[in-house]
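upload_11.cif (mmCIF, C-alpha atoms)
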data_input
#
loop_
_atom_site.label_atom_id
_atom_site.label_comp_id
_atom_site.auth_asym_id
_atom_site.auth_seq_id
_atom_site.Cartn_x
_atom_site.Cartn_y
_atom_site.Cartn_z
CA MET A 1 124.63 95.71 103.28
CA ILE A 2 126.57 95.82 106.50
CA THR A 3 130.29 95.35 106.06
CA PRO A 4 133.22 95.19 108.49
CA MET A 5 134.11 98.75 107.46
CA ASP A 6 130.72 99.87 108.75
CA GLU A 7 131.21 98.06 112.05
CA PRO A 8 134.90 97.95 112.99
CA ASP A 9 134.14 96.51 116.43
CA PHE A 10 132.31 93.63 114.78
CA GLU A 11 135.35 92.63 112.74
CA ALA A 12 137.67 93.03 115.71
CA TYR A 13 135.49 90.90 117.93
CA VAL A 14 134.91 87.94 115.64
CA LEU A 15 138.61 87.78 114.81
CA SER A 16 139.75 88.25 118.39
CA SER A 17 141.56 85.38 120.09
CA SER A 18 141.25 86.94 123.52
CA THR A 19 137.74 85.74 124.29
CA SER A 20 137.82 83.27 127.14
CA ARG A 21 137.19 79.61 126.37
CA GLU A 22 137.35 78.52 129.98
CA SER A 23 133.68 78.81 130.80
CA SER A 24 130.80 76.75 129.47
CA LEU A 25 128.45 79.71 130.03
CA LEU A 26 127.94 81.05 126.56
CA PHE A 27 125.95 84.19 127.30
CA GLU A 28 125.95 86.78 130.04
CA GLU A 29 122.45 87.69 131.13
CA ASP A 30 120.98 91.19 131.05
CA GLU A 31 118.64 91.48 134.01
CA ASN A 32 117.86 95.15 133.38
CA MET A 33 116.87 94.87 129.75
CA GLU A 34 113.50 96.52 129.11
CA PRO A 35 111.21 96.39 126.08
CA ASP A 36 111.08 99.37 123.76
CA ASP A 37 107.64 98.57 122.38
CA PRO A 38 104.88 97.35 124.73
CA VAL A 39 102.42 96.52 121.94
CA PRO A 40 101.19 92.93 122.47
CA LEU A 41 102.08 90.47 119.75
CA SER A 42 98.48 89.33 119.78
CA GLN A 43 97.59 92.66 118.13
CA ARG A 44 99.83 92.00 115.17
CA ALA A 45 98.13 91.19 111.87
CA GLN A 46 97.73 87.49 111.28
CA LYS A 47 99.81 86.11 108.42
CA VAL A 48 98.15 84.52 105.42
CA VAL A 49 100.30 82.03 103.57
CA SER A 50 99.12 83.09 100.14
CA GLU A 51 99.18 86.82 100.88
CA GLU A 52 101.07 88.94 98.38
CA VAL A 53 102.93 91.77 100.10
CA ASN A 54 105.30 94.33 98.65
CA PRO A 55 107.66 95.39 101.44
CA GLN A 56 108.35 98.73 99.76
CA ASN A 57 104.68 99.64 99.96
CA GLU A 58 104.10 98.31 103.45
CA GLU A 59 106.74 100.09 105.52
CA HIS A 60 104.06 101.52 107.79
CA GLY A 61 102.79 98.02 108.64
CA ARG A 62 106.12 96.43 109.55
CA GLU A 63 107.21 95.95 113.14
CA GLU A 64 110.63 95.16 114.43
CA SER A 65 111.23 91.59 115.46
CA PRO A 66 110.34 91.17 119.13
CA ARG A 67 113.17 91.01 121.63
CA PHE A 68 113.01 88.81 124.66
CA ILE A 69 114.48 88.89 128.12
CA PHE A 70 116.57 85.89 129.08
CA GLU A 71 117.13 84.83 132.67
CA HIS A 72 117.85 81.74 134.67
CA GLU A 73 114.62 80.77 136.42
CA PRO A 74 113.36 77.60 138.10
CA VAL A 75 111.06 75.43 136.01
CA SER A 76 108.06 76.12 138.22
CA SER A 77 108.32 79.89 137.67
CA VAL A 78 108.81 79.99 133.92
CA SER A 79 105.86 81.48 132.06
CA MET A 80 104.54 80.14 128.82
CA PRO A 81 105.38 82.10 125.65
CA PRO A 82 102.98 84.76 124.41
CA SER A 83 100.95 84.51 121.25
CA GLY A 84 103.04 85.52 118.29
CA LEU A 85 106.30 83.84 119.29
CA TRP A 86 105.21 80.32 120.17
CA ASN A 87 101.84 80.79 118.50
CA GLN A 88 98.74 79.28 120.06
CA LYS A 89 96.73 76.86 117.93
CA GLU A 90 93.30 77.55 119.36
CA SER A 91 91.25 75.71 116.78
CA GLU A 92 93.32 72.57 116.39
CA THR A 93 93.14 69.32 118.28
CA PRO A 94 96.46 68.19 119.81
CA VAL A 95 97.91 65.07 118.22
CA SER A 96 98.84 63.76 121.67
CA ALA A 97 97.81 64.50 125.22
CA GLU A 98 101.07 66.35 125.80
CA LEU A 99 101.13 68.43 122.61
CA ALA A 100 100.87 72.12 123.52
CA ARG A 101 99.03 74.86 121.71
CA TYR A 102 102.27 76.78 121.16
CA ALA A 103 104.05 74.63 118.58
CA PRO A 104 104.39 76.52 115.29
CA SER A 105 102.69 75.28 112.16
CA VAL A 106 105.69 76.42 110.10
CA PHE A 107 109.22 76.64 111.50
CA ALA A 108 112.24 77.64 109.42
CA ALA A 109 115.98 77.46 110.01
CA TYR A 110 118.53 79.59 108.19
CA ALA A 111 122.31 79.83 108.34
CA ALA A 112 124.52 82.35 106.57
CA LYS A 113 127.32 79.80 106.30
CA GLY A 114 127.33 76.15 105.36
CA GLY A 115 128.41 73.40 107.70
CA VAL A 116 127.08 74.91 110.92
CA GLY A 117 124.56 72.12 111.59
CA THR A 118 121.25 73.45 110.27
CA THR A 119 120.04 70.17 108.78
CA THR A 120 121.17 68.17 111.81
CA PHE A 121 119.27 70.56 114.08
CA LEU A 122 116.05 70.19 112.09
CA LEU A 123 116.37 66.40 111.94
CA HIS A 124 116.61 66.20 115.72
CA LEU A 125 113.64 68.55 116.12
CA ALA A 126 111.61 66.38 113.77
CA GLU A 127 112.60 63.17 115.56
CA LYS A 128 111.52 64.60 118.90
CA LEU A 129 108.19 65.89 117.59
CA ALA A 130 107.44 62.59 115.84
CA ARG A 131 108.31 60.60 118.95
CA GLU A 132 105.75 62.66 120.87
CA GLY A 133 103.06 61.76 118.35
CA GLY A 134 103.16 64.77 116.08
CA ARG A 135 102.94 64.70 112.31
CA VAL A 136 105.95 66.64 111.13
CA CYS A 137 107.64 67.09 107.77
CA ILE A 138 110.99 68.60 106.78
CA LEU A 139 110.85 70.52 103.51
CA ASP A 140 114.31 70.65 101.91
CA LEU A 141 114.45 73.93 99.98
CA ASP A 142 118.15 73.76 99.18
CA LEU A 143 117.44 72.92 95.55
CA MET A 144 121.12 72.84 94.59
CA HIS A 145 122.75 71.02 97.50
CA GLY A 146 119.89 69.68 99.62
CA SER A 147 121.18 67.16 102.13
CA VAL A 148 118.17 66.04 104.20
CA ALA A 149 117.69 62.80 102.27
CA SER A 150 121.41 62.08 101.94
CA THR A 151 121.99 62.69 105.65
CA LEU A 152 119.35 60.05 106.34
CA GLN A 153 120.99 57.82 103.72
CA LEU A 154 117.81 57.75 101.66
CA GLN A 155 117.39 57.67 97.91
CA PRO A 156 113.86 58.99 97.38
CA ASN A 157 112.10 58.21 94.14
CA LYS A 158 109.97 61.36 94.51
CA THR A 159 111.18 64.85 95.36
CA ILE A 160 109.90 68.39 95.61
CA ALA A 161 109.94 68.51 91.80
CA ASP A 162 107.30 65.77 91.71
CA LEU A 163 105.29 67.49 94.44
CA VAL A 164 105.23 70.75 92.47
CA ARG A 165 103.99 68.95 89.36
CA ARG A 166 101.29 67.03 91.24
CA ILE A 167 100.21 69.67 93.73
CA GLU A 168 96.64 69.75 92.40
CA ASP A 169 96.24 66.00 93.00
CA VAL A 170 96.00 65.33 96.73
CA LYS A 171 96.78 61.62 96.56
CA ALA A 172 99.67 62.13 94.18
CA SER A 173 101.00 64.90 96.41
CA GLN A 174 100.77 62.69 99.47
CA ALA A 175 102.85 60.09 97.64
CA CYS A 176 105.69 62.63 97.51
CA LEU A 177 105.94 62.65 101.31
CA LEU A 178 108.63 60.16 102.28
CA GLU A 179 108.20 58.71 105.76
CA THR A 180 111.41 57.93 107.62
CA ARG A 181 111.97 55.09 110.04
CA MET A 182 112.02 57.67 112.84
CA GLY A 183 108.40 58.58 112.16
CA PHE A 184 108.65 61.97 110.50
CA PHE A 185 108.32 62.83 106.82
CA ILE A 186 110.56 64.63 104.38
CA VAL A 187 110.14 66.34 101.03
CA ALA A 188 113.50 65.77 99.40
CA ALA A 189 115.41 68.22 97.23
CA PRO A 190 115.81 67.33 93.55
CA ALA A 191 118.12 64.39 92.92
CA GLN A 192 120.11 66.46 90.43
CA ALA A 193 121.13 70.04 91.17
CA GLY A 194 119.70 72.72 88.92
CA THR A 195 116.78 70.67 87.61
CA LEU A 196 114.09 72.71 89.36
CA VAL A 197 113.49 76.45 89.35
CA LEU A 198 110.83 77.08 91.97
CA GLU A 199 108.35 79.86 91.34
CA ARG A 200 106.73 81.97 94.02
CA GLU A 201 103.24 80.56 93.53
CA GLN A 202 104.58 77.02 93.55
CA LEU A 203 106.30 77.47 96.91
CA ILE A 204 103.17 78.97 98.44
CA ALA A 205 101.12 76.02 97.17
CA VAL A 206 103.63 73.50 98.56
CA VAL A 207 103.65 75.12 102.00
CA ARG A 208 99.84 75.32 102.03
CA PHE A 209 99.58 71.63 101.17
CA LEU A 210 102.10 70.59 103.85
CA LYS A 211 100.32 72.66 106.49
CA SER A 212 97.09 70.84 105.65
CA GLU A 213 98.80 67.47 106.09
CA MET A 214 101.08 68.09 109.07
CA ASP A 215 101.03 69.52 112.56
CA THR A 216 104.38 71.22 111.99
CA VAL A 217 106.40 71.91 108.83
CA LEU A 218 110.16 72.42 109.25
CA ILE A 219 111.84 74.29 106.39
CA ASP A 220 115.52 73.73 105.68
CA THR A 221 116.72 76.72 103.66
CA PRO A 222 119.88 77.24 101.58
CA VAL A 223 122.70 79.60 102.46
CA HIS A 224 122.16 81.81 99.42
CA PHE A 225 119.43 84.38 100.06
CA ASP A 226 117.25 84.80 97.00
CA THR A 227 113.58 85.69 96.51
CA ILE A 228 112.44 82.10 97.13
CA THR A 229 114.45 81.82 100.36
CA LYS A 230 113.00 85.14 101.51
CA LEU A 231 109.47 83.99 100.69
CA ALA A 232 110.02 80.70 102.55
CA LEU A 233 111.14 82.55 105.67
CA GLU A 234 108.09 84.80 105.44
CA GLN A 235 105.81 81.74 105.58
CA ALA A 236 107.27 80.74 108.95
CA GLU A 237 105.85 81.65 112.31
CA GLN A 238 109.24 81.08 113.91
CA LEU A 239 112.71 81.40 112.41
CA CYS A 240 115.88 80.12 114.04
CA LEU A 241 119.21 81.45 112.82
CA ILE A 242 121.93 78.85 113.20
CA THR A 243 125.53 79.83 113.89
CA THR A 244 128.71 78.57 115.52
CA ASP A 245 131.52 80.53 117.14
CA GLU A 246 133.45 80.59 113.86
CA PRO A 247 134.24 84.19 112.86
CA ALA A 248 132.93 83.64 109.34
CA SER A 249 129.62 82.26 110.61
CA ILE A 250 129.06 85.14 113.03
CA ARG A 251 130.19 87.74 110.51
CA ASN A 252 127.99 86.41 107.72
CA LEU A 253 124.94 86.24 109.95
CA GLY A 254 125.52 89.78 111.17
CA ARG A 255 125.60 90.95 107.57
CA MET A 256 122.14 89.48 107.05
CA LYS A 257 120.52 91.94 109.45
CA PRO A 258 119.08 94.28 106.78
CA PHE A 259 117.72 91.37 104.74
CA LEU A 260 116.11 89.61 107.69
CA SER A 261 114.67 92.90 108.91
CA ALA A 262 112.96 93.26 105.53
CA LEU A 263 110.94 90.05 105.93
CA TYR A 264 107.24 90.83 105.74
CA PRO A 265 105.25 89.29 107.29
CA SER A 266 108.06 88.88 109.78
CA PRO A 267 108.50 85.62 111.71
CA ASP A 268 109.65 85.63 115.30
CA ILE A 269 113.41 85.31 115.10
CA ALA A 270 115.88 83.79 117.56
CA VAL A 271 119.43 82.45 117.38
CA VAL A 272 120.56 78.86 117.96
CA TRP A 273 124.26 78.61 118.78
CA ASN A 274 125.78 75.30 117.76
CA ARG A 275 129.12 73.83 118.87
CA MET A 276 129.82 76.88 121.01
CA ARG A 277 132.84 77.18 123.28
CA GLU A 278 133.34 80.90 123.81
CA LYS A 279 131.84 83.07 126.51
CA ILE A 280 130.28 85.97 124.64
CA PRO A 281 129.83 89.25 126.60
CA LYS A 282 126.25 90.43 126.60
CA ASP A 283 127.05 93.86 125.16
CA ARG A 284 129.00 92.36 122.28
CA LEU A 285 126.30 89.75 121.65
CA ARG A 286 123.60 92.40 121.44
CA GLU A 287 125.76 94.54 119.17
CA LEU A 288 126.71 91.78 116.76
CA LEU A 289 123.51 89.74 116.56
CA PRO A 290 120.41 91.71 117.54
CA TRP A 291 118.10 88.73 117.87
CA PRO A 292 117.28 86.87 121.11
CA ASN A 293 119.10 83.63 121.89
CA ALA A 294 116.89 80.55 122.03
CA LEU A 295 119.26 77.65 122.50
CA ASP A 296 122.93 76.69 122.69
CA LEU A 297 123.96 73.23 121.60
CA PRO A 298 127.23 71.56 122.62
CA GLU A 299 129.64 69.43 120.68
CA ASP A 300 128.46 65.83 121.02
CA GLU A 301 130.18 62.79 119.58
CA ALA A 302 126.90 60.88 119.76
CA VAL A 303 125.43 63.21 117.13
CA GLY A 304 128.23 62.58 114.66
CA GLU A 305 128.00 58.83 115.18
CA ALA A 306 124.23 58.84 114.70
CA VAL A 307 124.41 60.99 111.56
CA ARG A 308 126.96 58.64 110.03
CA ARG A 309 124.36 55.88 110.48
CA GLY A 310 121.64 58.04 108.94
CA GLU A 311 119.90 58.45 112.30
CA CYS A 312 119.30 61.02 115.03
CA ALA A 313 120.92 60.90 118.44
CA THR A 314 118.39 60.16 121.18
CA LYS A 315 120.84 60.42 124.07
CA GLY A 316 123.63 62.77 124.98
CA PRO A 317 123.79 66.50 125.79
CA TYR A 318 122.84 67.66 122.28
CA ALA A 319 119.64 65.60 122.16
CA ALA A 320 118.85 66.39 125.79
CA ARG A 321 118.89 70.15 125.19
CA ILE A 322 116.69 69.90 122.11
CA HIS A 323 114.26 67.62 123.96
CA ALA A 324 114.12 69.98 126.94
CA PHE A 325 113.54 72.98 124.68
CA VAL A 326 110.71 71.29 122.78
CA ASP A 327 109.14 69.85 125.93
CA ARG A 328 109.02 73.20 127.62
CA TYR A 329 108.16 75.66 124.89
CA TRP A 330 106.25 73.58 122.37
CA PHE A 331 104.66 70.93 124.58
CA GLY A 332 104.37 72.88 127.83
CA LYS A 333 105.78 70.10 129.99
CA GLY A 334 106.97 71.20 133.40
CA ILE A 335 105.17 74.53 133.15
CA HIS A 336 102.74 75.05 136.01
CA GLU A 337 101.74 78.68 135.56
CA GLU A 338 99.07 80.08 133.28
CA PRO A 339 100.28 82.00 130.22
CA ARG A 340 101.09 85.67 130.63
CA TRP A 341 99.85 87.25 127.43
CA ASN A 342 102.36 90.05 127.11
CA ARG A 343 104.99 90.88 124.56
CA PHE A 344 107.91 89.60 126.56
CA PHE A 345 108.56 86.39 128.44
CA ARG A 346 111.47 85.07 130.44
CA PHE A 347 112.88 81.61 130.03
CA LYS A 348 115.93 79.63 130.93
CA ARG A 349 118.46 78.83 128.27
CA PHE A 350 119.23 75.17 127.66
#
Show how you would write the structure in this file as structure tokens.
Amino acid sequence: MITPMDEPDFEAYVLSSSTSRESSLLFEEDENMEPDDPVPLSQRAQKVVSEEVNPQNEEHGREESPRFIFEHEPVSSVSMPPSGLWNQKESETPVSAELARYAPSVFAAYAAKGGVGTTTFLLHLAEKLAREGGRVCILDLDLMHGSVASTLQLQPNKTIADLVRRIEDVKASQACLLETRMGFFIVAAPAQAGTLVLEREQLIAVVRFLKSEMDTVLIDTPVHFDTITKLALEQAEQLCLITTDEPASIRNLGRMKPFLSALYPSPDIAVVWNRMREKIPKDRLRELLPWPNALDLPEDEAVGEAVRRGECATKGPYAARIHAFVDRYWFGKGIHEEPRWNRFFRFKRF
């Protein structure tokens, strides 16, 4: 495990008070960054949700998570993502005229520290997808302190514990999907902490069932990283790591590098920065967190007010950036060029 003693610059940076807070630009761009591995993502082995893989015996088959070049570019010149990051659904019919082929079937979010906004982020993603006509479900895998239902001020009479018990009965399983007034579904965590110990085969069956029912499954994972959390992340096509500019949040996420690198099959990983105020130098950013940056989300009072009502914010800078991100990279709105099927793509941060 990586510790501050292993990386003295890491500890010094996250505890430093000298980083400028004057600019709203969170990241400095690297225009000269080049890929180390030109192998197309389309040549990677396709993941099978029920596949049993022992990482210790499959070292030869693992690839490093793809890195991506970030630049400011006009909307008309931004290329669509390649297969493997925003995966193309070639055999599925879009749920709406605008729904792109690049939305993931399984998307996971993970944070190495609590209170950084992971659940709020997933709720707003789900609200946007549902408003566009997609069938989307949030799976709350924080079996001890799951907060998806409580954030929405819901008291579900069926939870993931009921779904696990009824997974062989399609109609009974469908009854465990709680539809919210915003149009998306949730599978709630157990009402009482510690009442469910999820087994590997049970999680795989739950994810398989949700994929058969939904266009996109969003997985809300706990902070503690156990075998079930690892397996859940391995089911995802895309994984967003959520962090703020708090030293503890950055430090904890940096320490997860060896564990996240051991995911196999490996999802495409990117970082979502929430409530950011600091301008982070590009060399420090690449040193501390080796994953590409997908999105930065500002502080927004409208989000707090909406969450206190059990709702999602539909206006304000926070919602606007999530909507723009989904529109562009999952729905393809505003993109006028044909996809460039290479390993790397350039896109503007929101």
Return the single residue from A:Ile186, A:Ala108, A:Ala172, A:Val206 that is closest to Pro156 of chain A, with distances computed using all atoms listed in the file.
-> A:Ile186
What does the distance between atom CA of Ala109 of chain A and atom CA of Leu260 of chain A come to in Å, to one decimal place?
->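 Spanning atom CA of Ala109 of chain A to atom CA of Leu260 of chain A is a straight-line distance of 12.4 Å.
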I would like the residues chosen by the PyMOL selection byres ((chain A and resi 263) around 9) on the shown file; could you give them as a VMD selection string?
-> chain A and resid 55 62 230 to 231 233 to 234 259 to 262 264 to 267
File of the preceding selection, C-alpha atoms, as a PDB file, in the frame of the given file:
ATOM      1  CA  PRO A  55     107.660  95.390 101.440  1.00  0.00           C
ATOM      2  CA  ARG A  62     106.120  96.430 109.550  1.00  0.00           C
ATOM      3  CA  LYS A 230     113.000  85.140 101.510  1.00  0.00           C
ATOM      4  CA  LEU A 231     109.470  83.990 100.690  1.00  0.00           C
ATOM      5  CA  LEU A 233     111.140  82.550 105.670  1.00  0.00           C
ATOM      6  CA  GLU A 234     108.090  84.800 105.440  1.00  0.00           C
ATOM      7  CA  PHE A 259     117.720  91.370 104.740  1.00  0.00           C
ATOM      8  CA  LEU A 260     116.110  89.610 107.690  1.00  0.00           C
ATOM      9  CA  SER A 261     114.670  92.900 108.910  1.00  0.00           C
ATOM     10  CA  ALA A 262     112.960  93.260 105.530  1.00  0.00           C
ATOM     11  CA  TYR A 264     107.240  90.830 105.740  1.00  0.00           C
ATOM     12  CA  PRO A 265     105.250  89.290 107.290  1.00  0.00           C
ATOM     13  CA  SER A 266     108.060  88.880 109.780  1.00  0.00           C
ATOM     14  CA  PRO A 267     108.500  85.620 111.710  1.00  0.00           C
TER      15      PRO A 267
END
To one decimal in Å, tell me the separation between atom CA of Ala294 of chain A and atom CA of Arg328 of chain A.
-> 12.1 Å
One residue among A:Gln155, A:Ser147, A:Thr314, A:Ser105 is nearest to Lys211 of chain A when using all atoms listed in the file, and that residue is A:Ser105
Kindly indicate which residue among A:Glu237, A:Asp142, A:Glu311, A:Glu132 lies nearest to Gln192 of chain A, using only C-alpha atoms for the distances.
-> A:Asp142
Taking the file as shown, find all residues satisfying the PyMOL selection byres ((chain A and resi 196-205) around 8) and write them as a PDB file with C-alpha atoms, in the coordinates of the input.
ATOM      1  CA  VAL A  49     100.300  82.030 103.570  1.00  0.00           C
ATOM      2  CA  SER A  50      99.120  83.090 100.140  1.00  0.00           C
ATOM      3  CA  LEU A 143     117.440  72.920  95.550  1.00  0.00           C
ATOM      4  CA  ALA A 161     109.940  68.510  91.800  1.00  0.00           C
ATOM      5  CA  VAL A 164     105.230  70.750  92.470  1.00  0.00           C
ATOM      6  CA  ILE A 167     100.210  69.670  93.730  1.00  0.00           C
ATOM      7  CA  PRO A 190     115.810  67.330  93.550  1.00  0.00           C
ATOM      8  CA  ALA A 193     121.130  70.040  91.170  1.00  0.00           C
ATOM      9  CA  GLY A 194     119.700  72.720  88.920  1.00  0.00           C
ATOM     10  CA  THR A 195     116.780  70.670  87.610  1.00  0.00           C
ATOM     11  CA  VAL A 206     103.630  73.500  98.560  1.00  0.00           C
ATOM     12  CA  VAL A 207     103.650  75.120 102.000  1.00  0.00           C
ATOM     13  CA  ARG A 208      99.840  75.320 102.030  1.00  0.00           C
ATOM     14  CA  PHE A 209      99.580  71.630 101.170  1.00  0.00           C
ATOM     15  CA  ILE A 228     112.440  82.100  97.130  1.00  0.00           C
ATOM     16  CA  LEU A 231     109.470  83.990 100.690  1.00  0.00           C
ATOM     17  CA  ALA A 232     110.020  80.700 102.550  1.00  0.00           C
TER      18      ALA A 232
END
Selected residue of minimal separation from Thr120 of chain A among A:Val148, A:Phe107, A:Asn293, A:Leu285, counting all atoms listed in the file |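 Selected residue with least distance to Thr120 of chain A: A:Val148.
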State, in Å with one decimal place, the distance from atom CA of Leu141 of chain A to atom CA of Met214 of chain A.
-> 17.2 Å
Counting all atoms listed in the file, which of A:Val271, A:Met144, A:Leu297, A:Val307 gets nearest to Tyr110 of chain A?
->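 Smallest separation from Tyr110 of chain A among the options: A:Val271.
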Kindly resolve the PyMOL selection byres ((chain A and resi 295) around 12) on the present coordinates and return the residues as number ranges by chain.
-> A: 26-27, 70, 121, 240-244, 270-276, 292-294, 296-298, 318, 320-326, 329, 347-350
Keeping only C-alpha atoms, write the selected residues as a PDB file, keeping the file's coordinate frame.
ATOM      1  CA  LEU A  26     127.940  81.050 126.560  1.00  0.00           C
ATOM      2  CA  PHE A  27     125.950  84.190 127.300  1.00  0.00           C
ATOM      3  CA  PHE A  70     116.570  85.890 129.080  1.00  0.00           C
ATOM      4  CA  PHE A 121     119.270  70.560 114.080  1.00  0.00           C
ATOM      5  CA  CYS A 240     115.880  80.120 114.040  1.00  0.00           C
ATOM      6  CA  LEU A 241     119.210  81.450 112.820  1.00  0.00           C
ATOM      7  CA  ILE A 242     121.930  78.850 113.200  1.00  0.00           C
ATOM      8  CA  THR A 243     125.530  79.830 113.890  1.00  0.00           C
ATOM      9  CA  THR A 244     128.710  78.570 115.520  1.00  0.00           C
ATOM     10  CA  ALA A 270     115.880  83.790 117.560  1.00  0.00           C
ATOM     11  CA  VAL A 271     119.430  82.450 117.380  1.00  0.00           C
ATOM     12  CA  VAL A 272     120.560  78.860 117.960  1.00  0.00           C
ATOM     13  CA  TRP A 273     124.260  78.610 118.780  1.00  0.00           C
ATOM     14  CA  ASN A 274     125.780  75.300 117.760  1.00  0.00           C
ATOM     15  CA  ARG A 275     129.120  73.830 118.870  1.00  0.00           C
ATOM     16  CA  MET A 276     129.820  76.880 121.010  1.00  0.00           C
ATOM     17  CA  PRO A 292     117.280  86.870 121.110  1.00  0.00           C
ATOM     18  CA  ASN A 293     119.100  83.630 121.890  1.00  0.00           C
ATOM     19  CA  ALA A 294     116.890  80.550 122.030  1.00  0.00           C
ATOM     20  CA  ASP A 296     122.930  76.690 122.690  1.00  0.00           C
ATOM     21  CA  LEU A 297     123.960  73.230 121.600  1.00  0.00           C
ATOM     22  CA  PRO A 298     127.230  71.560 122.620  1.00  0.00           C
ATOM     23  CA  TYR A 318     122.840  67.660 122.280  1.00  0.00           C
ATOM     24  CA  ALA A 320     118.850  66.390 125.790  1.00  0.00           C
ATOM     25  CA  ARG A 321     118.890  70.150 125.190  1.00  0.00           C
ATOM     26  CA  ILE A 322     116.690  69.900 122.110  1.00  0.00           C
ATOM     27  CA  HIS A 323     114.260  67.620 123.960  1.00  0.00           C
ATOM     28  CA  ALA A 324     114.120  69.980 126.940  1.00  0.00           C
ATOM     29  CA  PHE A 325     113.540  72.980 124.680  1.00  0.00           C
ATOM     30  CA  VAL A 326     110.710  71.290 122.780  1.00  0.00           C
ATOM     31  CA  TYR A 329     108.160  75.660 124.890  1.00  0.00           C
ATOM     32  CA  PHE A 347     112.880  81.610 130.030  1.00  0.00           C
ATOM     33  CA  LYS A 348     115.930  79.630 130.930  1.00  0.00           C
ATOM     34  CA  ARG A 349     118.460  78.830 128.270  1.00  0.00           C
ATOM     35  CA  PHE A 350     119.230  75.170 127.660  1.00  0.00           C
TER      36      PHE A 350
END
May I ask which of the residues A:Val136, A:Ala149, A:Val223, A:Leu154 is the closest one to Leu210 of chain A, counting only C-alpha atoms?
->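 Of all the options, A:Val136 lies closest to Leu210 of chain A.
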What lies within 10 Å of Arg135 of chain A using all atoms listed in the file, ignoring chain neighbours under 2 positions off, as a list in words?
-> Val95, Ala126, Leu129, Ala130, Arg131, Glu132, Gly133, Cys137, Gly183, Phe184, Phe185, Glu213, Met214, Asp215, Thr216 and Val217 of chain A
Write out as a PyMOL selection string each polymer residue whose atoms come within 9 Å of Asp140 of chain A, counting all atoms listed in the file; drop sequence neighbours fewer than 4 positions from it.
-> chain A and resi 119+146-149+160+186-189+218-222
For those residues, write C-alpha atoms to a file as a PDB file, in the frame of the given file.
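result-v5.pdb was written with the following content:
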ATOM      1  CA  THR A 119     120.040  70.170 108.780  1.00  0.00           C
ATOM      2  CA  GLY A 146     119.890  69.680  99.620  1.00  0.00           C
ATOM      3  CA  SER A 147     121.180  67.160 102.130  1.00  0.00           C
ATOM      4  CA  VAL A 148     118.170  66.040 104.200  1.00  0.00           C
ATOM      5  CA  ALA A 149     117.690  62.800 102.270  1.00  0.00           C
ATOM      6  CA  ILE A 160     109.900  68.390  95.610  1.00  0.00           C
ATOM      7  CA  ILE A 186     110.560  64.630 104.380  1.00  0.00           C
ATOM      8  CA  VAL A 187     110.140  66.340 101.030  1.00  0.00           C
ATOM      9  CA  ALA A 188     113.500  65.770  99.400  1.00  0.00           C
ATOM     10  CA  ALA A 189     115.410  68.220  97.230  1.00  0.00           C
ATOM     11  CA  LEU A 218     110.160  72.420 109.250  1.00  0.00           C
ATOM     12  CA  ILE A 219     111.840  74.290 106.390  1.00  0.00           C
ATOM     13  CA  ASP A 220     115.520  73.730 105.680  1.00  0.00           C
ATOM     14  CA  THR A 221     116.720  76.720 103.660  1.00  0.00           C
ATOM     15  CA  PRO A 222     119.880  77.240 101.580  1.00  0.00           C
TER      16      PRO A 222
END
